[in-house]
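Engineer: Have a look at the structure that comes next, please.
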Amino acid sequence: MNKVKRNVITVTVLLFVCAAVYLNWSYNNRWGTADQAMVEAEDAAMEQAEEEYQESMAGETEGSSSYFASARLTRQEARDEALSLLEMTAGSENASQETVDSAMDAISAMATYSLQESQIENMLIAKDYDDCVVFISDDGVTVTVPAPVEGLSQDAVARITDTILSETDFTMDQITVIEVKE
């Protein structure tokens, strides 16, 4: 009896699969093939839109935010280099367990710092700063923000400091705010 049920279920499932394949095939045939001229026009429009986007991004980077883009790139390159050295040290056959543990702790700290930097940057941008760069090390936090010609107000510095204090375990004396004049 179980074999009969199993066979009936198998046949039913196969019928449903065949019906689905047929319906899919008939649906796709109804629409026909793509018009080559339309495909080429869409490709050209996509390429033009991509070029315009790249030009707008290049123009934005060349303006006041070029400092911030450069600082982020420099920070990332330094982190990548340090990370590769730490990974090489941790993977070395001659390294002692203490050295491996120390390298793994440094890698973990770097990952934590990177996450905190990203969170703080996003929070500061959400608090009406056009751009910013945050660098966290064992010694403290350095924040670079655009500032008007007259400089940042005490209220602005307090908001920045408060954001950093809420996201990290650093104290006020470990926070440095650097103004980039617009």
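Letters for chains follow the order of the structure tokens (A, B, ...), residue numbers begin at 1 for each chain, and ligand numbers begin at 1 in the order shown.
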Counting only C-alpha atoms, what is within 12 Å of Leu124 (chain A), bar same-chain residues fewer than 4 positions away, as a ChimeraX atom specification?
Structural biologist: /A:117-120,128-134,143-146,156-164,167
Engineer: Check region 38-157 of chain A with DSSP on the backbone and list each residue it calls strand (DSSP E or B), as a CSV table (one decimal) with N, CA and C atoms, in the first residue's frame.
Structural biologist:
```csv
chain,number,residue,atom,x,y,z
A,133,VAL,N,35.9,62.1,8.3
A,133,VAL,CA,36.7,60.9,8.4
A,133,VAL,C,37.1,60.7,9.9
A,134,VAL,N,36.9,59.5,10.3
A,134,VAL,CA,37.2,59.1,11.7
A,134,VAL,C,38.3,58.1,11.7
A,135,PHE,N,39.3,58.3,12.5
A,135,PHE,CA,40.4,57.3,12.7
A,135,PHE,C,40.5,56.9,14.2
A,136,ILE,N,40.4,55.7,14.4
A,136,ILE,CA,40.5,55.2,15.8
A,136,ILE,C,41.7,54.3,16.0
A,141,VAL,N,40.8,58.8,19.4
A,141,VAL,CA,39.9,59.0,18.2
A,141,VAL,C,40.3,60.3,17.6
A,142,THR,N,40.5,60.4,16.3
A,142,THR,CA,40.7,61.6,15.6
A,142,THR,C,39.6,61.7,14.6
A,143,VAL,N,38.9,62.9,14.6
A,143,VAL,CA,37.8,63.1,13.7
A,143,VAL,C,38.1,64.4,12.9
A,144,THR,N,38.0,64.3,11.6
A,144,THR,CA,38.2,65.4,10.7
A,144,THR,C,36.8,65.7,10.0
A,145,VAL,N,36.4,67.0,10.2
A,145,VAL,CA,35.1,67.4,9.7
A,145,VAL,C,35.3,68.7,8.9
A,146,PRO,N,34.4,68.9,7.9
A,146,PRO,CA,34.5,70.3,7.2
A,146,PRO,C,34.0,71.3,8.2
A,147,ALA,N,34.6,72.5,8.1
A,147,ALA,CA,34.2,73.6,9.0
A,147,ALA,C,34.0,74.9,8.2
```
Engineer: Skipping near chain neighbours, those fewer than 2 positions away, what residues fall within 12 Å of region 75-78 of chain A using only C-alpha atoms, listed as a PyMOL selection string?
Structural biologist: chain A and resi 68-73+80-85+110-111+113-114+117-118+133-137+142
Engineer: Grab the CA of Asp105 (chain A) to CA of Phe170 (chain A) distance for me, in Å with one decimal place.
Structural biologist: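 Interatomic distance, CA of Asp105 (chain A) to CA of Phe170 (chain A): 18.5 Å.
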Engineer: Could you tell me which of A:Met88, A:Val177, A:Leu165, A:Val13 comes closest to Ser153 (chain A) if we count only C-alpha atoms?
Structural biologist: A:Val177
Engineer: Between A:Val180, A:Met1, A:Val8, A:Ala103, which has the minimum distance to Val149 (chain A) (counting only C-alpha atoms)?
Structural biologist: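 Closest to Val149 (chain A), using only C-alpha atoms: A:Val180.
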Engineer: If you run DSSP on the backbone here, which positions in region 74-180 of chain A get alpha helix (DSSP H)? Please write them as number ranges by chain.
Structural biologist: A: 74-91, 97-126, 154-167
